[in-house]
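J.: Dropping in my_file-v1.tsv, which is TSV, C-alpha atoms:
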```tsv
chain	number	residue	atom	x	y	z
A	568	MET	CA	32.29	48.21	145.99
A	569	HIS	CA	34.63	47.58	148.91
A	570	ARG	CA	37.48	46.75	146.49
A	571	LEU	CA	36.86	49.99	144.47
A	572	VAL	CA	37.07	52.16	147.60
A	573	THR	CA	40.24	50.39	148.73
A	574	ALA	CA	41.93	51.01	145.31
A	575	PHE	CA	40.95	54.70	145.39
A	576	LEU	CA	42.41	55.14	148.88
A	577	MET	CA	45.73	53.53	147.76
A	578	VAL	CA	46.05	55.85	144.72
A	579	ALA	CA	45.17	58.88	146.82
A	580	GLY	CA	47.78	57.89	149.36
A	581	CYS	CA	50.46	57.75	146.66
A	582	TRP	CA	49.58	61.22	145.35
A	583	LEU	CA	49.43	62.66	148.86
A	584	GLY	CA	52.90	61.34	149.57
A	585	LEU	CA	54.43	62.83	146.39
A	586	PRO	CA	54.52	66.52	147.46
A	587	THR	CA	56.41	65.52	150.60
A	588	ALA	CA	59.09	63.83	148.45
A	589	ILE	CA	59.40	66.87	146.13
A	590	LEU	CA	59.63	69.29	149.03
A	591	GLY	CA	62.36	67.15	150.47
A	592	GLN	CA	64.57	67.82	147.42
A	593	GLU	CA	66.74	70.95	147.12
A	594	ALA	CA	65.48	73.56	144.62
A	595	ASP	CA	67.67	74.19	141.55
A	596	PRO	CA	69.51	77.46	142.30
A	597	GLY	CA	69.92	78.20	138.58
A	598	THR	CA	72.84	79.26	136.38
A	599	ILE	CA	74.67	82.40	135.28
A	600	GLU	CA	75.98	82.95	131.74
A	601	ALA	CA	78.81	85.32	130.80
A	602	ALA	CA	81.08	86.00	127.84
A	603	GLY	CA	84.80	86.68	127.57
A	604	MET	CA	87.07	87.90	124.78
A	605	SER	CA	90.81	87.86	124.21
A	606	ALA	CA	93.01	89.24	121.42
A	607	VAL	CA	96.34	88.16	119.96
A	608	GLU	CA	98.24	91.13	118.51
A	609	ARG	CA	101.15	90.47	116.18
A	610	GLN	CA	103.37	92.29	113.70
A	611	PRO	CA	102.69	90.85	110.23
A	612	GLU	CA	105.32	88.48	108.85
A	613	VAL	CA	103.83	88.14	105.35
A	614	MET	CA	102.62	90.51	102.66
A	615	ARG	CA	99.98	89.03	100.33
A	616	LEU	CA	99.37	90.34	96.83
A	617	GLN	CA	96.10	90.18	94.90
A	618	VAL	CA	95.95	91.38	91.30
A	619	GLU	CA	93.98	90.67	88.12
A	620	VAL	CA	96.03	89.43	85.17
A	621	PHE	CA	94.61	90.44	81.76
A	622	GLY	CA	94.62	89.15	78.22
A	623	LYS	CA	93.00	90.76	75.17
A	624	GLY	CA	92.28	89.55	71.65
A	625	LYS	CA	90.04	89.93	68.65
A	626	ASP	CA	87.91	87.05	69.95
A	627	LEU	CA	87.65	84.94	73.09
A	628	LYS	CA	90.09	82.29	71.85
A	629	ALA	CA	92.76	84.87	71.08
A	630	ALA	CA	92.16	86.61	74.42
A	631	LEU	CA	92.62	83.33	76.32
A	632	GLN	CA	95.86	82.65	74.44
A	633	ALA	CA	97.13	86.11	75.35
A	634	LEU	CA	96.12	85.48	78.97
A	635	ALA	CA	98.08	82.20	79.04
A	636	THR	CA	101.17	84.00	77.74
A	637	ARG	CA	100.77	86.76	80.32
A	638	ARG	CA	100.42	84.16	83.08
A	639	GLU	CA	103.75	82.55	82.17
A	640	GLU	CA	105.44	85.95	82.15
A	641	ALA	CA	103.93	86.81	85.55
A	642	GLN	CA	105.27	83.57	87.03
A	643	LYS	CA	108.79	84.44	85.88
A	644	GLN	CA	108.49	87.97	87.26
A	645	LEU	CA	107.27	86.71	90.64
A	646	ALA	CA	110.25	84.36	90.90
A	647	GLU	CA	112.59	87.29	90.22
A	648	LEU	CA	110.76	89.39	92.82
A	649	GLY	CA	111.33	86.69	95.46
A	650	ALA	CA	107.75	85.52	96.03
A	651	LEU	CA	107.48	82.66	98.51
A	652	GLU	CA	107.69	79.26	96.88
A	653	GLY	CA	104.27	77.63	96.78
A	654	SER	CA	102.42	80.90	97.47
A	655	VAL	CA	101.73	81.81	93.83
A	656	ASN	CA	98.18	80.89	92.82
A	657	PHE	CA	96.10	81.67	89.74
A	658	GLY	CA	92.31	81.51	89.77
A	659	PRO	CA	90.04	80.51	86.87
A	660	PRO	CA	89.77	82.87	83.86
A	661	LYS	CA	86.69	85.01	83.32
A	662	LEU	CA	85.50	87.94	81.26
A	663	SER	CA	87.16	90.97	82.76
A	664	ALA	CA	85.39	93.68	84.74
A	665	ALA	CA	85.76	96.02	81.76
A	666	ASP	CA	83.08	93.95	80.00
A	667	ASN	CA	80.68	94.22	82.93
A	668	GLN	CA	77.22	95.51	81.91
A	669	GLN	CA	76.89	97.80	84.91
A	670	GLN	CA	80.29	99.31	84.14
A	671	ARG	CA	79.28	99.93	80.50
A	672	GLN	CA	76.02	101.59	81.59
A	673	MET	CA	77.94	103.89	83.93
A	674	GLU	CA	80.37	104.81	81.13
A	675	MET	CA	77.49	105.58	78.73
A	676	MET	CA	75.87	107.88	81.29
A	677	ILE	CA	79.16	109.69	81.89
A	678	ARG	CA	79.74	110.02	78.14
A	679	ARG	CA	76.34	111.73	77.76
A	680	GLN	CA	77.16	114.17	80.56
A	681	MET	CA	80.56	114.88	79.05
A	682	LEU	CA	78.91	115.47	75.65
A	683	ALA	CA	76.60	118.07	77.19
A	684	GLN	CA	79.54	119.77	78.94
A	685	ARG	CA	81.46	119.92	75.64
A	686	GLY	CA	78.59	121.86	74.06
A	687	GLY	CA	77.50	119.01	71.85
A	688	ARG	CA	80.99	118.11	70.65
A	689	SER	CA	81.27	114.32	70.60
A	690	ALA	CA	83.53	112.70	73.14
A	691	PRO	CA	86.30	110.66	71.51
A	692	LYS	CA	85.70	106.94	71.19
A	693	PRO	CA	88.42	104.29	71.34
A	694	ALA	CA	89.91	103.74	67.90
A	695	GLY	CA	90.02	100.33	66.23
A	696	PRO	CA	87.87	97.22	66.65
A	697	THR	CA	86.44	96.21	70.01
A	698	LEU	CA	88.64	93.63	71.73
A	699	VAL	CA	87.57	90.81	74.04
A	700	SER	CA	89.19	91.09	77.48
A	701	VAL	CA	89.62	88.20	79.92
A	702	SER	CA	91.31	88.07	83.30
A	703	LEU	CA	92.17	85.80	86.20
A	704	PRO	CA	93.06	86.52	89.84
A	705	LEU	CA	96.66	86.11	90.97
A	706	THR	CA	97.80	85.84	94.59
A	707	ALA	CA	101.35	85.62	95.91
A	708	GLU	CA	103.13	86.18	99.22
A	709	TRP	CA	106.42	87.61	100.47
A	710	THR	CA	108.12	87.25	103.86
A	711	LEU	CA	108.60	90.52	105.73
A	712	GLU	CA	111.64	90.79	107.98
A	713	ALA	CA	111.41	93.86	110.20
A	714	ASP	CA	112.07	94.64	113.87
A	715	SER	CA	109.79	97.68	114.09
A	716	VAL	CA	106.76	99.22	112.47
A	717	GLU	CA	108.98	101.86	110.86
A	718	GLN	CA	111.23	99.22	109.31
A	719	LEU	CA	108.19	97.21	108.24
A	720	LEU	CA	106.83	100.28	106.47
A	721	LEU	CA	110.12	100.82	104.60
A	722	VAL	CA	110.52	97.17	103.59
A	723	SER	CA	106.93	96.77	102.41
A	724	HIS	CA	106.93	100.08	100.52
A	725	ASP	CA	110.06	99.19	98.55
A	726	LEU	CA	108.64	95.76	97.72
A	727	GLN	CA	105.29	97.21	96.64
A	728	GLU	CA	107.00	99.68	94.31
A	729	GLN	CA	108.93	96.84	92.66
A	730	ILE	CA	105.73	94.83	92.21
A	731	LYS	CA	103.87	97.79	90.71
A	732	ALA	CA	106.74	98.52	88.31
A	733	ALA	CA	106.74	94.88	87.15
A	734	ASP	CA	103.18	95.29	85.75
A	735	LEU	CA	102.24	91.68	86.55
A	736	ALA	CA	98.79	92.25	85.07
A	737	GLY	CA	100.24	93.13	81.68
A	738	VAL	CA	98.03	96.16	81.10
A	739	GLY	CA	100.77	98.70	80.28
A	740	ALA	CA	101.20	98.00	76.59
A	741	ALA	CA	97.55	97.06	76.12
A	742	GLN	CA	96.37	100.43	77.42
A	743	GLU	CA	98.43	102.75	75.23
A	744	LEU	CA	96.00	105.56	74.37
A	745	SER	CA	95.89	108.44	71.95
A	746	PRO	CA	95.89	111.98	73.45
A	747	GLU	CA	92.11	112.16	72.92
A	748	GLU	CA	91.52	108.78	74.53
A	749	ALA	CA	93.79	109.70	77.44
A	750	GLU	CA	91.79	112.89	78.00
A	751	LEU	CA	88.55	110.91	77.97
A	752	ALA	CA	89.96	108.34	80.41
A	753	GLU	CA	91.01	111.06	82.86
A	754	GLU	CA	87.62	112.77	82.72
A	755	MET	CA	85.78	109.47	83.14
A	756	GLU	CA	87.96	108.50	86.10
A	757	ALA	CA	87.17	111.80	87.81
A	758	ALA	CA	83.47	111.37	87.06
A	759	MET	CA	83.45	107.79	88.38
A	760	MET	CA	85.01	109.00	91.64
A	761	SER	CA	82.32	111.65	91.98
A	762	TYR	CA	79.73	108.87	91.74
A	763	GLY	CA	81.39	107.03	94.61
A	764	GLU	CA	82.95	104.32	92.45
A	765	GLU	CA	86.02	103.05	94.34
A	766	GLN	CA	86.99	100.29	91.96
A	767	PRO	CA	90.75	100.23	91.32
A	768	LYS	CA	92.23	100.70	87.87
A	769	PRO	CA	92.57	97.49	85.85
A	770	GLY	CA	95.70	95.63	86.87
A	771	GLN	CA	96.26	97.67	90.03
A	772	PRO	CA	97.78	95.41	92.71
A	773	SER	CA	96.37	95.32	96.24
A	774	PHE	CA	98.12	94.15	99.39
A	775	VAL	CA	97.18	92.58	102.72
A	776	PHE	CA	99.53	92.12	105.69
A	777	VAL	CA	99.22	88.79	107.49
A	778	SER	CA	100.39	87.04	110.64
A	779	LYS	CA	99.76	83.32	111.17
A	780	ILE	CA	98.34	82.41	114.61
A	781	SER	CA	99.96	79.31	116.13
A	782	ASP	CA	98.01	76.63	118.00
A	783	ALA	CA	99.80	77.63	121.20
A	784	ASP	CA	98.80	81.30	120.85
A	785	HIS	CA	95.25	80.29	119.98
A	786	GLN	CA	94.99	78.03	123.03
A	787	LYS	CA	96.37	80.76	125.28
A	788	ALA	CA	93.83	83.25	123.93
A	789	LEU	CA	90.98	80.78	124.56
A	790	ALA	CA	92.15	80.30	128.16
A	791	GLU	CA	92.30	84.06	128.71
A	792	ALA	CA	88.82	84.50	127.21
A	793	PHE	CA	87.44	81.82	129.54
A	794	GLU	CA	89.02	83.42	132.61
A	795	LYS	CA	87.42	86.73	131.66
A	796	ALA	CA	84.04	85.01	131.26
A	797	ARG	CA	84.40	83.37	134.68
A	798	ALA	CA	85.39	86.69	136.29
A	799	GLU	CA	82.34	88.37	134.75
A	800	ALA	CA	80.09	85.55	135.97
A	801	GLY	CA	81.57	85.97	139.45
A	802	ARG	CA	80.74	89.67	139.44
A	803	LEU	CA	77.18	88.93	138.35
A	804	ALA	CA	76.79	86.30	141.08
A	805	LYS	CA	78.09	88.71	143.71
A	806	ALA	CA	75.63	91.36	142.53
A	807	ALA	CA	72.82	88.82	143.02
A	808	SER	CA	74.20	87.77	146.45
A	809	VAL	CA	74.70	84.18	145.29
A	810	GLU	CA	77.81	82.01	145.06
A	811	LEU	CA	79.25	80.77	141.78
A	812	GLY	CA	79.49	77.00	141.36
A	813	SER	CA	80.90	74.60	138.78
A	814	LEU	CA	81.04	75.09	135.01
A	815	SER	CA	77.83	74.00	133.31
A	816	GLN	CA	78.48	74.74	129.63
A	817	LEU	CA	81.21	76.31	127.50
A	818	THR	CA	80.79	77.32	123.83
A	819	SER	CA	82.68	79.40	121.28
A	820	GLY	CA	81.51	82.96	120.80
A	821	GLY	CA	83.29	83.33	117.46
A	822	GLU	CA	86.76	84.16	116.14
A	823	GLN	CA	87.91	86.91	113.80
A	824	GLY	CA	91.26	87.84	112.31
A	825	PHE	CA	90.29	91.12	110.66
A	826	ASN	CA	88.41	94.36	111.21
A	827	MET	CA	86.03	95.05	108.33
A	828	GLU	CA	86.20	98.80	109.01
A	829	ASP	CA	89.88	98.72	107.99
A	830	TYR	CA	88.90	97.48	104.52
A	831	SER	CA	87.13	100.65	103.47
A	832	SER	CA	88.05	100.68	99.77
A	833	TYR	CA	87.06	98.26	97.04
A	834	ALA	CA	90.72	97.42	96.36
A	835	GLN	CA	91.34	96.53	100.01
A	836	ARG	CA	88.22	94.38	100.20
A	837	TYR	CA	89.13	92.56	96.99
A	838	ALA	CA	92.68	91.96	98.21
A	839	PHE	CA	91.34	90.39	101.39
A	840	PHE	CA	88.26	88.53	100.19
A	841	GLY	CA	89.47	87.79	96.67
A	842	ALA	CA	87.27	86.58	93.86
A	843	SER	CA	85.66	83.94	96.10
A	844	GLY	CA	84.12	86.54	98.40
A	845	MET	CA	85.55	84.71	101.41
A	846	PRO	CA	88.44	85.65	103.70
A	847	GLY	CA	91.85	84.15	103.06
A	848	SER	CA	93.54	83.02	99.88
A	849	PRO	CA	94.16	79.77	98.02
A	850	SER	CA	97.41	79.38	99.94
A	851	THR	CA	95.64	79.13	103.30
A	852	GLY	CA	93.86	75.87	103.96
A	853	ALA	CA	90.98	75.04	106.27
A	854	GLY	CA	91.79	75.50	109.93
A	855	VAL	CA	94.63	77.97	109.30
A	856	ARG	CA	94.22	80.95	111.61
A	857	GLU	CA	95.63	84.32	110.67
A	858	ALA	CA	95.29	87.98	111.53
A	859	SER	CA	95.34	90.50	108.70
A	860	GLY	CA	95.13	94.18	107.88
A	861	PRO	CA	95.48	96.45	104.83
A	862	GLN	CA	98.32	98.50	106.35
A	863	PRO	CA	101.87	97.51	107.39
A	864	GLY	CA	101.22	97.63	111.11
A	865	PRO	CA	100.06	95.44	114.02
A	866	VAL	CA	97.27	92.98	113.21
A	867	THR	CA	94.86	91.37	115.68
A	868	TYR	CA	93.14	87.99	116.02
A	869	THR	CA	90.26	87.86	118.53
A	870	VAL	CA	88.52	84.91	120.16
A	871	ALA	CA	85.39	84.87	122.32
A	872	VAL	CA	83.74	82.25	124.52
A	873	LYS	CA	80.40	81.91	126.30
A	874	ALA	CA	80.39	80.15	129.66
A	875	SER	CA	77.49	79.04	131.85
A	876	PHE	CA	78.07	78.33	135.57
A	877	ASN	CA	75.89	76.60	138.12
A	878	LEU	CA	74.96	78.54	141.25
A	879	LYS	CA	75.50	77.03	144.68
A	880	SER	CA	72.49	76.48	146.92
A	881	PRO	CA	72.15	79.02	149.73
```
Since I need it in another form, could you write the structure as structure tokens?

T.:
Amino acid sequence: MHRLVTAFLMVAGCWLGLPTAILGQEADPGTIEAAGMSAVERQPEVMRLQVEVFGKGKDLKAALQALATRREEAQKQLAELGALEGSVNFGPPKLSAADNQQQRQMEMMIRRQMLAQRGGRSAPKPAGPTLVSVSLPLTAEWTLEADSVEQLLLVSHDLQEQIKAADLAGVGAAQELSPEEAELAEEMEAAMMSYGEEQPKPGQPSFVFVSKISDADHQKALAEAFEKARAEAGRLAKAASVELGSLSQLTSGGEQGFNMEDYSSYAQRYAFFGASGMPGSPSTGAGVREASGPQPGPVTYTVAVKASFNLKSP
């Protein structure tokens, strides 16, 4: 019994001494977290093209053969137009958007409405057998040499007109229509626009203006973003009447080289995201940073960081 009491008193003494040790330590004053953002603004040095190249035939095999021929012709045209060496890329072939079920359903609905407007007179239908249409995405780039936004606009406009006139997609001859078919196409295009369909015409080229962001510019932007985060943390600490201490944690808040609001049309979104649905193009590898926009003007690349700072003890 004496030994049991002695053991209890020893354990109790240890627990009684523990609060004194804890109270002797300084309380953790806590941390403050803040975010900072910086932007790199550049004039684009490159214009990137995105266009669908088409091939048609009586069956899929013939359509693919026509597509291969059109691809070779497009490569020759791009060389004559001065496309950057190594920037020309062709994606995998697929059934073209003209064979899309949703598109066909929309056309059938518009045809019915047009029939009613014509007082029951049938709308003209395309003559001849139905052809199979296939396509593949094409991307290419050109260097833009301009000292001002005005000069950039002139240079890019002239180049775009040359590209459009070249008909890289090869749809000019394939889309020769009779007067009746041309009338139907115009009415359907107007009707599609009234339904909010912003899809470009088949073979219509789209353009994106790009500026590569160097490692040095990226590092400078990160440093500026961190300084802004530290300044914001300092203001928060001052508001709380505490003093900012050392850095506790630093993480990326994200990076972005485009403004989605600028890509309002389907053509602009397709030119930027391409068939993959992801930003960039086959010519830009992983880790390549670039700012882009749909218009020949300044483009911006933004970086953001999140920083956590210890607070000094009062």

J.: Do a neighbour search on A:Leu616 at 6 Å with all atoms listed in the file, toss out local chain neighbours closer than 3 positions, and write the hits as a ChimeraX atom specification.

T.: /A:706-707,773-774

J.: Hey, can you spit out that residue selection with C-alpha atoms as a CSV table (one decimal), keeping the file's coordinate frame?

T.:
```
chain,number,residue,atom,x,y,z
A,706,THR,CA,97.8,85.8,94.6
A,707,ALA,CA,101.4,85.6,95.9
A,773,SER,CA,96.4,95.3,96.2
A,774,PHE,CA,98.1,94.2,99.4
```

J.: So, with all atoms listed in the file as the atoms that count, which of A:Leu662, A:Leu735, A:Thr598, A:Ser605 lies closest to A:Thr636?

T.: A:Leu735

J.: What does the distance between atom CA of A:Leu878 and atom CA of A:Ala602 come to in Å, to one decimal place?

T.: 16.5 Å

J.: Atom CA of A:Gln786 and atom CA of A:Lys805, how far apart in Å?

T.: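 We find that atom CA of A:Lys805 and atom CA of A:Gln786 lie 28.8 Å from each other.
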
J.: Which distance in Å separates atom CA of A:Gly770 and atom CA of A:Ala858, to one decimal?

T.: 25.8 Å

J.: So that I can see what lies close to A:Ser715, please list as a list in words the residues with an atom at most 9 Å from it, counting all atoms listed in the file and leaving out residues fewer than 4 positions away in the same chain.

T.: Gln610, Leu719 and Leu720 of chain A

J.: Between A:Ala783, A:Met827, A:Ala732, A:Val655, which has the minimum distance to A:Arg856 (counting all atoms listed in the file)?

T.: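 With all atoms listed in the file as the atom set, the closest residue is A:Ala783.
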
J.: If we count only C-alpha atoms, what is near A:Gly821 at a cut-off of 10 Å, once residues fewer than 3 positions away on the same chain are taken out, given as a PyMOL selection string?

T.: chain A and resi 604+818+869-873
